[in-house]
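Shown below: upload_2.tsv, with TSV, C-alpha atoms and all ligand atoms.
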chain	number	residue	atom	x	y	z
A	1	MET	CA	-8.06	95.58	133.91
A	2	GLY	CA	-7.21	99.14	134.89
A	3	ASN	CA	-4.39	99.83	137.29
A	4	TYR	CA	-5.17	97.32	139.97
A	5	VAL	CA	-1.91	95.99	141.34
A	6	GLU	CA	-1.89	92.90	143.45
A	7	ARG	CA	-0.23	93.65	146.76
A	8	LEU	CA	1.68	90.69	148.06
A	9	ARG	CA	3.51	90.96	151.34
A	10	CYS	CA	7.22	91.46	150.93
A	11	ALA	CA	8.83	88.11	151.75
A	12	TYR	CA	11.49	89.92	153.81
A	13	CYS	CA	9.90	92.87	155.65
A	14	GLY	CA	6.22	91.96	155.40
A	15	SER	CA	5.32	95.37	154.00
A	16	THR	CA	2.45	95.66	151.53
A	17	ASP	CA	3.00	99.37	150.87
A	18	GLU	CA	6.25	99.49	149.01
A	19	LYS	CA	6.54	98.89	145.31
A	20	ARG	CA	7.56	95.35	144.55
A	21	THR	CA	10.35	94.36	142.20
A	22	LYS	CA	10.45	91.65	139.58
A	23	GLU	CA	13.75	89.83	139.33
A	24	HIS	CA	15.23	86.57	138.28
A	25	LEU	CA	16.34	84.17	140.96
A	26	TRP	CA	19.95	84.69	140.04
A	27	PRO	CA	20.96	88.34	140.34
A	28	ALA	CA	21.59	89.83	136.90
A	29	SER	CA	25.05	90.91	138.03
A	30	ILE	CA	26.05	87.28	138.72
A	31	HIS	CA	24.31	85.87	135.68
A	32	LYS	CA	26.16	88.32	133.44
A	33	ARG	CA	29.48	87.13	134.83
A	34	VAL	CA	28.68	83.47	134.18
A	35	VAL	CA	27.52	84.09	130.62
A	36	ALA	CA	30.65	86.11	129.86
A	37	LEU	CA	32.77	83.11	130.85
A	38	LEU	CA	30.89	80.40	128.96
A	39	ASP	CA	32.48	79.20	125.80
A	40	GLY	CA	30.23	78.73	122.80
A	41	GLY	CA	30.17	74.93	122.69
A	42	GLU	CA	29.61	74.37	126.35
A	43	GLN	CA	27.02	77.11	126.49
A	44	LYS	CA	25.04	75.47	123.72
A	45	PHE	CA	25.14	72.20	125.61
A	46	TRP	CA	23.93	73.77	128.84
A	47	LEU	CA	21.21	75.83	127.31
A	48	ALA	CA	19.80	72.75	125.62
A	49	ARG	CA	19.80	70.92	128.96
A	50	LEU	CA	18.24	73.89	130.71
A	51	ASP	CA	15.42	74.20	128.24
A	52	LYS	CA	14.50	70.65	129.10
A	53	ALA	CA	14.94	71.00	132.84
A	54	LEU	CA	13.33	74.36	133.30
A	55	PRO	CA	10.36	75.42	131.20
A	56	ASN	CA	10.02	78.82	132.83
A	57	GLU	CA	12.73	81.08	134.00
A	58	PRO	CA	12.09	81.59	137.70
A	59	ILE	CA	11.07	85.12	138.67
A	60	ILE	CA	10.75	86.59	142.16
A	61	ARG	CA	7.83	89.00	142.50
A	62	ASP	CA	7.35	89.26	146.25
A	63	VAL	CA	10.26	91.43	147.36
A	64	CYS	CA	9.76	95.17	147.91
A	65	ALA	CA	12.04	97.76	146.38
A	66	VAL	CA	13.34	98.86	149.80
A	67	CYS	CA	14.58	95.37	150.73
A	68	ASN	CA	15.74	94.54	147.25
A	69	ASN	CA	17.70	97.73	146.68
A	70	GLY	CA	18.91	97.96	150.28
A	71	GLU	CA	20.14	95.05	152.40
A	72	LEU	CA	19.71	92.39	149.71
A	73	SER	CA	21.65	94.30	147.10
A	74	LYS	CA	24.52	94.74	149.59
A	75	LEU	CA	24.67	90.95	149.75
A	76	ASP	CA	24.69	90.71	145.96
A	77	ASN	CA	27.55	93.20	145.84
A	78	TYR	CA	29.56	91.08	148.23
A	79	ILE	CA	29.04	87.94	146.17
A	80	CYS	CA	29.98	89.73	142.92
A	81	GLU	CA	33.29	90.71	144.49
A	82	ALA	CA	33.83	87.13	145.63
A	83	PHE	CA	32.89	85.91	142.15
A	84	ASP	CA	35.54	88.09	140.55
A	85	ARG	CA	38.18	86.90	143.04
A	86	TYR	CA	37.32	83.20	143.25
A	87	PHE	CA	34.44	81.79	141.27
A	88	GLY	CA	35.47	82.79	137.75
A	89	VAL	CA	38.16	80.14	137.41
A	90	ILE	CA	37.12	76.49	137.11
A	91	ARG	CA	39.37	74.44	139.39
A	92	ASP	CA	41.07	71.23	138.38
A	93	ARG	CA	40.60	68.04	140.33
A	94	GLY	CA	43.06	67.93	143.19
A	95	GLU	CA	43.93	71.62	142.98
A	96	GLU	CA	44.55	73.35	146.29
A	97	VAL	CA	42.23	76.30	146.84
A	98	THR	CA	42.38	79.01	149.48
A	99	PHE	CA	39.16	80.97	149.94
A	100	GLU	CA	38.86	84.10	152.04
A	101	TYR	CA	35.39	85.04	153.12
A	102	ASP	CA	33.21	87.29	155.19
A	103	TYR	CA	31.25	84.60	156.99
A	104	HIS	CA	28.04	86.48	157.63
A	105	LEU	CA	27.78	88.28	154.29
A	106	LEU	CA	28.39	84.96	152.56
A	107	LYS	CA	25.94	82.95	154.66
A	108	ARG	CA	23.26	85.64	154.50
A	109	TRP	CA	23.51	85.70	150.70
A	110	LEU	CA	23.38	81.90	150.47
A	111	LEU	CA	20.28	81.88	152.66
A	112	LYS	CA	18.66	84.61	150.59
A	113	MET	CA	19.20	82.52	147.44
A	114	SER	CA	17.87	79.41	149.15
A	115	TYR	CA	14.81	81.23	150.53
A	116	ASN	CA	14.04	82.72	147.11
A	117	SER	CA	14.44	79.32	145.50
A	118	ALA	CA	12.16	77.72	148.14
A	119	ARG	CA	9.40	80.28	147.44
A	120	ILE	CA	9.64	79.68	143.70
A	121	SER	CA	9.39	75.91	144.19
A	122	GLY	CA	6.79	76.15	146.93
A	123	SER	CA	9.02	73.87	148.99
A	124	ASP	CA	10.33	74.29	152.53
A	125	VAL	CA	9.51	77.99	152.99
A	126	PRO	CA	8.70	77.82	156.76
A	127	VAL	CA	12.29	76.74	157.45
A	128	PHE	CA	13.41	80.21	156.42
A	129	GLN	CA	10.94	82.33	158.41
A	130	PRO	CA	13.06	82.42	161.62
A	131	LEU	CA	16.13	83.23	159.52
A	132	ILE	CA	14.78	86.41	157.92
A	133	PRO	CA	16.18	88.73	160.65
A	134	TYR	CA	19.55	87.11	160.03
A	135	ILE	CA	19.37	87.46	156.24
A	136	MET	CA	18.40	91.12	156.68
A	137	GLY	CA	21.37	91.74	158.99
A	138	GLN	CA	19.17	92.61	161.98
A	139	ASN	CA	20.03	89.69	164.22
A	140	ILE	CA	23.26	87.75	163.80
A	141	SER	CA	22.42	85.10	166.39
A	142	ALA	CA	19.26	84.13	164.45
A	143	GLY	CA	21.60	82.45	161.94
A	144	ARG	CA	23.19	80.13	164.48
A	145	THR	CA	21.07	77.11	163.58
A	146	VAL	CA	22.54	77.02	160.08
A	147	ARG	CA	25.98	75.51	159.67
A	148	LEU	CA	27.92	76.22	156.51
A	149	PHE	CA	30.27	73.91	154.62
A	150	LEU	CA	32.31	74.34	151.48
A	151	GLU	CA	33.19	71.51	149.16
A	152	MET	CA	34.73	71.84	145.71
A	153	THR	CA	33.13	70.39	142.58
A	154	TYR	CA	35.59	68.96	140.08
A	155	PRO	CA	35.22	68.46	136.30
A	156	SER	CA	34.23	64.89	135.52
A	157	GLU	CA	33.77	62.56	132.63
A	158	ILE	CA	30.26	61.76	131.45
A	159	PRO	CA	30.05	57.96	131.12
A	160	ALA	CA	29.75	56.99	127.45
A	161	ASP	CA	26.34	55.38	127.94
A	162	GLU	CA	24.93	58.60	129.45
A	163	ARG	CA	26.34	60.89	126.82
A	164	GLN	CA	23.79	62.36	124.45
A	165	ALA	CA	24.45	64.03	121.13
A	166	GLY	CA	26.27	67.32	121.58
A	167	MET	CA	27.44	66.63	125.10
A	168	PRO	CA	31.11	67.10	125.86
A	169	ALA	CA	33.01	64.09	127.23
A	170	ILE	CA	34.11	66.13	130.24
A	171	VAL	CA	31.63	68.28	132.06
A	172	ARG	CA	32.90	71.27	134.01
A	173	PRO	CA	31.05	73.19	136.71
A	174	GLU	CA	30.48	76.20	134.45
A	175	ILE	CA	27.17	77.41	135.74
A	176	ASN	CA	25.60	78.31	139.07
A	177	ARG	CA	22.90	76.19	140.63
A	178	VAL	CA	20.82	76.24	143.75
A	179	GLY	CA	18.96	73.27	145.17
A	180	PHE	CA	19.33	70.36	147.53
A	181	PHE	CA	22.12	68.08	148.54
A	182	GLY	CA	21.36	64.63	149.92
A	183	TYR	CA	23.61	63.47	152.71
A	184	ASN	CA	23.27	60.10	154.38
A	185	ALA	CA	23.91	60.60	158.06
A	186	SER	CA	23.88	57.70	160.50
A	187	THR	CA	20.61	59.18	161.82
A	188	GLY	CA	19.01	59.04	158.34
A	189	THR	CA	19.09	61.15	155.21
A	190	ASN	CA	19.49	64.85	155.70
A	191	MET	CA	18.68	67.25	152.93
A	192	LEU	CA	21.08	70.10	152.92
A	193	ARG	CA	20.60	73.17	150.80
A	194	ALA	CA	23.28	73.63	148.16
A	195	VAL	CA	24.35	76.73	146.30
A	196	HIS	CA	26.91	75.95	143.61
A	197	LEU	CA	28.95	78.87	142.37
A	198	ARG	CA	30.82	77.09	139.63
A	199	SER	CA	33.60	75.04	141.31
A	200	PHE	CA	32.51	76.18	144.78
A	201	SER	CA	29.69	74.21	146.37
A	202	PHE	CA	28.31	75.80	149.53
A	203	LEU	CA	26.27	73.43	151.66
A	204	LEU	CA	23.88	74.68	154.31
A	205	ALA	CA	22.74	72.38	157.12
A	206	PHE	CA	19.64	73.45	159.03
A	207	LEU	CA	19.71	72.18	162.57
A	208	PRO	CA	16.76	72.15	164.92
A	209	ARG	CA	16.48	75.28	167.06
A	210	ALA	CA	16.29	73.10	170.15
A	211	ALA	CA	19.34	70.98	169.26
A	212	SER	CA	21.94	70.82	172.01
A	213	ALA	CA	25.45	72.07	171.36
A	214	ALA	CA	26.65	68.47	171.70
A	215	SER	CA	24.27	67.13	169.05
A	216	VAL	CA	25.18	69.95	166.65
A	217	GLN	CA	28.85	69.18	167.18
A	218	ALA	CA	28.18	65.49	166.60
A	219	PHE	CA	26.46	66.32	163.31
A	220	VAL	CA	29.37	68.49	162.15
A	221	THR	CA	31.98	65.89	163.15
A	222	GLU	CA	30.16	63.10	161.37
A	223	PHE	CA	29.54	65.22	158.26
A	224	LEU	CA	33.22	66.12	157.98
A	225	SER	CA	34.34	62.54	158.54
A	226	ARG	CA	32.03	61.26	155.80
A	227	ARG	CA	32.96	64.05	153.41
A	228	PRO	CA	36.69	64.48	153.99
A	229	SER	CA	37.06	67.05	151.19
A	230	ALA	CA	34.54	69.40	152.82
A	231	ARG	CA	35.43	72.13	155.30
A	232	GLU	CA	33.20	73.92	157.71
A	233	LEU	CA	33.26	77.70	157.36
A	234	ARG	CA	33.13	79.49	160.69
A	235	ALA	CA	32.45	83.03	161.82
A	236	SER	CA	35.71	82.96	163.73
A	237	THR	CA	37.89	82.27	160.70
A	238	LEU	CA	38.62	84.39	157.65
A	239	ARG	CA	39.92	81.81	155.23
A	240	VAL	CA	39.89	78.14	154.46
A	241	THR	CA	42.21	75.94	152.39
A	242	LEU	CA	40.92	72.79	150.77
A	243	PHE	CA	41.43	70.52	147.79
A	244	CYS	CA	39.15	70.38	144.78
A	245	ASP	CA	38.16	66.77	145.27
A	246	GLY	CA	34.71	66.76	146.81
A	247	ILE	CA	31.88	66.55	144.32
A	248	ASP	CA	31.73	64.92	140.90
A	249	CYS	CA	30.27	67.54	138.57
A	250	TRP	CA	28.23	65.17	136.42
A	251	LYS	CA	26.78	63.25	139.38
A	252	SER	CA	25.92	66.51	141.07
A	253	ILE	CA	24.07	67.82	138.01
A	254	LYS	CA	22.15	64.58	137.64
A	255	SER	CA	21.10	64.49	141.28
A	256	GLY	CA	20.25	68.19	141.14
A	257	MET	CA	17.92	67.62	138.22
A	258	ALA	CA	16.13	65.02	140.28
A	259	HIS	CA	15.66	67.56	143.08
A	260	ARG	CA	14.32	70.52	141.06
A	261	ILE	CA	17.23	72.81	141.19
A	262	HIS	CA	17.36	76.27	139.73
A	263	PHE	CA	20.02	77.01	137.20
A	264	SER	CA	21.40	80.40	136.47
A	265	ARG	CA	20.51	81.43	132.98
A	301	ZN	ZN	10.55	94.47	151.98
Could I get this file's structure written as structure tokens?
Amino acid sequence: MGNYVERLRCAYCGSTDEKRTKEHLWPASIHKRVVALLDGGEQKFWLARLDKALPNEPIIRDVCAVCNNGELSKLDNYICEAFDRYFGVIRDRGEEVTFEYDYHLLKRWLLKMSYNSARISGSDVPVFQPLIPYIMGQNISAGRTVRLFLEMTYPSEIPADERQAGMPAIVRPEINRVGFFGYNASTGTNMLRAVHLRSFSFLLAFLPRAASAASVQAFVTEFLSRRPSARELRASTLRVTLFCDGIDCWKSIKSGMAHRIHFSR
């Protein structure tokens, strides 16, 4: 009892001195936007699913106020702007989509979400340690080992035999999710990180630091040939155009549940 406060190291700067913050995995500013867009019926359906999938709402307690209110909140601001421009509207299957982006702000935010999710799950945290200077905007080249792809998730029909009471026949990518994405490469299964912002599914591939340029290029080429609806996002380009034909929403949700994803709620 008393006023003892446990002092965890900040997961970003390592400081033990600053006050720590307590926040949900999904920034409140993004969560608010999703909730505002949910229609009553679909929301009821999701919340029922979420209660089953996720007994406790994930909370981050190991980030100091300086990091949280400084660099990390700049990233959240960027993604809120992108949300208002792009992620609000659910895309139809086959629709052509043009997405303009700031490569580094986008990738840094996606990595922040993935790192936070990894700490909550106690999963692959060490993968993120060398990327912290990149996430914090201190060292751009530290992010080179992560390649970023975008693929669109389209609304899909839930097969009749999988439909439970209250489920809609068509499921739309209404909510945000973060988790894993299994990809069968010729060299074996790779787990990519996935951050789904409604119709937009951002896929992060972590390549070994020691990988040669040729082997990285081979990975990218094979990935894009196996997933023809995906596009690689590059630092050298400002926009990408693609068709909403990559990921089946229902299959993605089912596989995500198998891999302990974190929903926005
Ligand atoms: Zn900090």
Discussion item. Around ligand ZN 301 (chain A), out to 6 Å and counting only C-alpha atoms and all ligand atoms, which residues are there? I want them as number ranges by chain.
Written reply: A: 10, 12-13, 15, 63-64, 66-67
Residues of stretch 146-171 of chain A that have any atom at most 12 Å from an atom of stretch 91-111 of chain A: could you tabulate them with the shortest-distance atom pair and the distance in Å to one decimal, using all atoms listed in the file, ordered by chain and increasing number, as a tab-separated table?
residue	atom	partner	partner_atom	distance
A:Val146	CA	A:Lys107	CA	8.7
A:Arg147	CA	A:Lys107	CA	9.0
A:Leu148	CA	A:Lys107	CA	7.3
A:Phe149	CA	A:Lys107	CA	10.0
A:Leu150	CA	A:Phe99	CA	9.7
A:Glu151	CA	A:Val97	CA	10.5
A:Met152	CA	A:Arg91	CA	8.3
A:Thr153	CA	A:Arg91	CA	8.1
A:Tyr154	CA	A:Arg93	CA	5.1
A:Pro155	CA	A:Arg93	CA	6.7
A:Ser156	CA	A:Arg93	CA	8.6
A:Glu157	CA	A:Arg93	CA	11.7
A:Ile170	CA	A:Asp92	CA	11.9
A:Val171	CA	A:Asp92	CA	11.7
Worksheet item: Taking all atoms listed in the file into account, which of A:Gln217, A:Val35, A:Val178, A:Ser73 comes nearest A:Pro58?
Response: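 Result for the nearest residue to A:Pro58: A:Val178.
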Item to complete: Would you work out the distance separating atom CA of A:Met136 from atom CA of A:Glu23, expressed in Å to one decimal?
Response: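 Going from atom CA of A:Met136 over to atom CA of A:Glu23 covers 18.0 Å.
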Worksheet, complete the sentence: If you count only C-alpha atoms, the residue of A:Ala160, A:Ala142, A:Leu8, A:Ala82 closest to A:Leu197 turns out to be A:Ala82
Practice prompt. Report the distance between atom CA of A:Gly143 and atom CA of A:Ala185 in Å, rounded to one decimal place.
Written response: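 Distance between the two atoms: 22.3 Å.
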Discussion item. As an exercise, work out the distance from atom CA of A:Phe83 to atom CA of A:Ala28 in Å and give it to one decimal place.
Written reply: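 Atom CA of A:Ala28 lies at a distance of 13.1 Å from atom CA of A:Phe83.
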Item to complete: Considering only C-alpha atoms, state which residue in the set A:Pro159, A:Pro27, A:Pro173, A:Gly256 is at the smallest distance from A:Ile79.
Response: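 Closest candidate: A:Pro27.
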Worksheet item: Around (25.2, 76.6, 139.5) in the file's own coordinates, what residues are found within 6 Å if you use all atoms listed in the file, given back as a ChimeraX atom specification?
Response: /A:175-177,196-198,263
Discussion item. Measuring between all atoms listed in the file, which one of A:Arg239, A:Arg163, A:Lys112, A:Arg231 shows the shortest distance to A:Leu203?
Written reply: A:Arg231
Item to complete: With all atoms listed in the file counted, which protein, DNA or RNA residues have an atom no more than 12 Å from (31.2, 66.7, 152.6) in the file frame? Please answer as number ranges by chain.
Response: A: 148-153, 181-185, 192, 194, 201-205, 219-232, 242-248
Worksheet entry | Counting all atoms listed in the file, the option among A:Asn139, A:Gln129, A:Asn68, A:Ser199 closest to A:Phe87 | A:Ser199
Worksheet item: Pick the closest to A:Arg20 from A:Glu162, A:Asp76, A:Glu81, A:Asp62: which is it, counting all atoms listed in the file?
Response: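 Ranking A:Glu162, A:Asp76, A:Glu81, A:Asp62 by distance to A:Arg20, first place goes to A:Asp62.
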Just stretch 52-82 of chain A, please, as a short mmCIF file (atom, residue, chain, number, x, y, z; two decimals), in the first residue's frame (only N, CA and C atoms).
data_model
loop_
_atom_site.label_atom_id
_atom_site.label_comp_id
_atom_site.auth_asym_id
_atom_site.auth_seq_id
_atom_site.Cartn_x
_atom_site.Cartn_y
_atom_site.Cartn_z
N LYS A 52 -15.88 -12.76 -26.76
CA LYS A 52 -15.43 -14.14 -26.75
C LYS A 52 -13.93 -14.21 -26.98
N ALA A 53 -13.46 -13.42 -27.95
CA ALA A 53 -12.07 -13.54 -28.39
C ALA A 53 -11.10 -12.89 -27.40
N LEU A 54 -11.58 -11.95 -26.66
CA LEU A 54 -10.67 -11.07 -25.92
C LEU A 54 -11.22 -10.76 -24.54
N PRO A 55 -10.87 -11.55 -23.56
CA PRO A 55 -11.44 -11.33 -22.23
C PRO A 55 -11.04 -9.99 -21.61
N ASN A 56 -9.82 -9.57 -21.84
CA ASN A 56 -9.39 -8.29 -21.26
C ASN A 56 -8.95 -7.33 -22.34
N GLU A 57 -9.39 -6.13 -22.20
CA GLU A 57 -8.99 -5.11 -23.14
C GLU A 57 -7.50 -4.84 -22.95
N PRO A 58 -6.70 -4.96 -23.99
CA PRO A 58 -5.26 -4.79 -23.78
C PRO A 58 -4.90 -3.35 -23.40
N ILE A 59 -4.03 -3.25 -22.41
CA ILE A 59 -3.58 -1.93 -21.94
C ILE A 59 -2.06 -1.89 -21.92
N ILE A 60 -1.50 -0.79 -22.40
CA ILE A 60 -0.05 -0.59 -22.41
C ILE A 60 0.31 0.25 -21.20
N ARG A 61 1.23 -0.26 -20.37
CA ARG A 61 1.59 0.48 -19.15
C ARG A 61 3.08 0.79 -19.08
N ASP A 62 3.82 0.48 -20.14
CA ASP A 62 5.27 0.63 -20.04
C ASP A 62 5.82 1.67 -21.01
N VAL A 63 5.05 2.72 -21.26
CA VAL A 63 5.54 3.81 -22.11
C VAL A 63 5.51 5.09 -21.28
N CYS A 64 6.62 5.84 -21.29
CA CYS A 64 6.68 7.06 -20.48
C CYS A 64 5.91 8.18 -21.17
N ALA A 65 5.58 9.19 -20.37
CA ALA A 65 4.77 10.30 -20.87
C ALA A 65 5.52 11.07 -21.96
N VAL A 66 6.85 11.15 -21.84
CA VAL A 66 7.62 11.92 -22.83
C VAL A 66 7.52 11.25 -24.21
N CYS A 67 7.73 9.95 -24.25
CA CYS A 67 7.63 9.23 -25.55
C CYS A 67 6.19 9.26 -26.05
N ASN A 68 5.27 8.95 -25.15
CA ASN A 68 3.89 8.82 -25.54
C ASN A 68 3.32 10.14 -26.08
N ASN A 69 3.63 11.23 -25.40
CA ASN A 69 3.05 12.51 -25.80
C ASN A 69 3.91 13.23 -26.84
N GLY A 70 5.11 12.68 -27.10
CA GLY A 70 6.00 13.31 -28.08
C GLY A 70 5.96 12.57 -29.40
N GLU A 71 7.04 11.84 -29.70
CA GLU A 71 7.18 11.18 -31.01
C GLU A 71 5.99 10.27 -31.33
N LEU A 72 5.55 9.48 -30.34
CA LEU A 72 4.51 8.49 -30.64
C LEU A 72 3.18 9.16 -30.95
N SER A 73 2.92 10.29 -30.31
CA SER A 73 1.64 10.93 -30.60
C SER A 73 1.68 11.62 -31.97
N LYS A 74 2.90 12.01 -32.42
CA LYS A 74 3.00 12.54 -33.79
C LYS A 74 2.59 11.47 -34.80
N LEU A 75 2.99 10.23 -34.51
CA LEU A 75 2.63 9.12 -35.41
C LEU A 75 1.12 8.90 -35.40
N ASP A 76 0.54 8.95 -34.21
CA ASP A 76 -0.93 8.80 -34.11
C ASP A 76 -1.64 9.90 -34.90
N ASN A 77 -1.10 11.11 -34.82
CA ASN A 77 -1.74 12.21 -35.56
C ASN A 77 -1.71 11.94 -37.06
N TYR A 78 -0.58 11.43 -37.52
CA TYR A 78 -0.49 11.13 -38.95
C TYR A 78 -1.55 10.10 -39.35
N ILE A 79 -1.70 9.07 -38.53
CA ILE A 79 -2.60 7.98 -38.92
C ILE A 79 -4.06 8.43 -38.81
N CYS A 80 -4.36 9.35 -37.91
CA CYS A 80 -5.72 9.90 -37.84
C CYS A 80 -6.05 10.66 -39.12
N GLU A 81 -5.09 11.43 -39.61
CA GLU A 81 -5.32 12.15 -40.87
C GLU A 81 -5.55 11.16 -42.01
N ALA A 82 -4.73 10.12 -42.04
CA ALA A 82 -4.89 9.10 -43.10
C ALA A 82 -6.23 8.39 -42.95
#
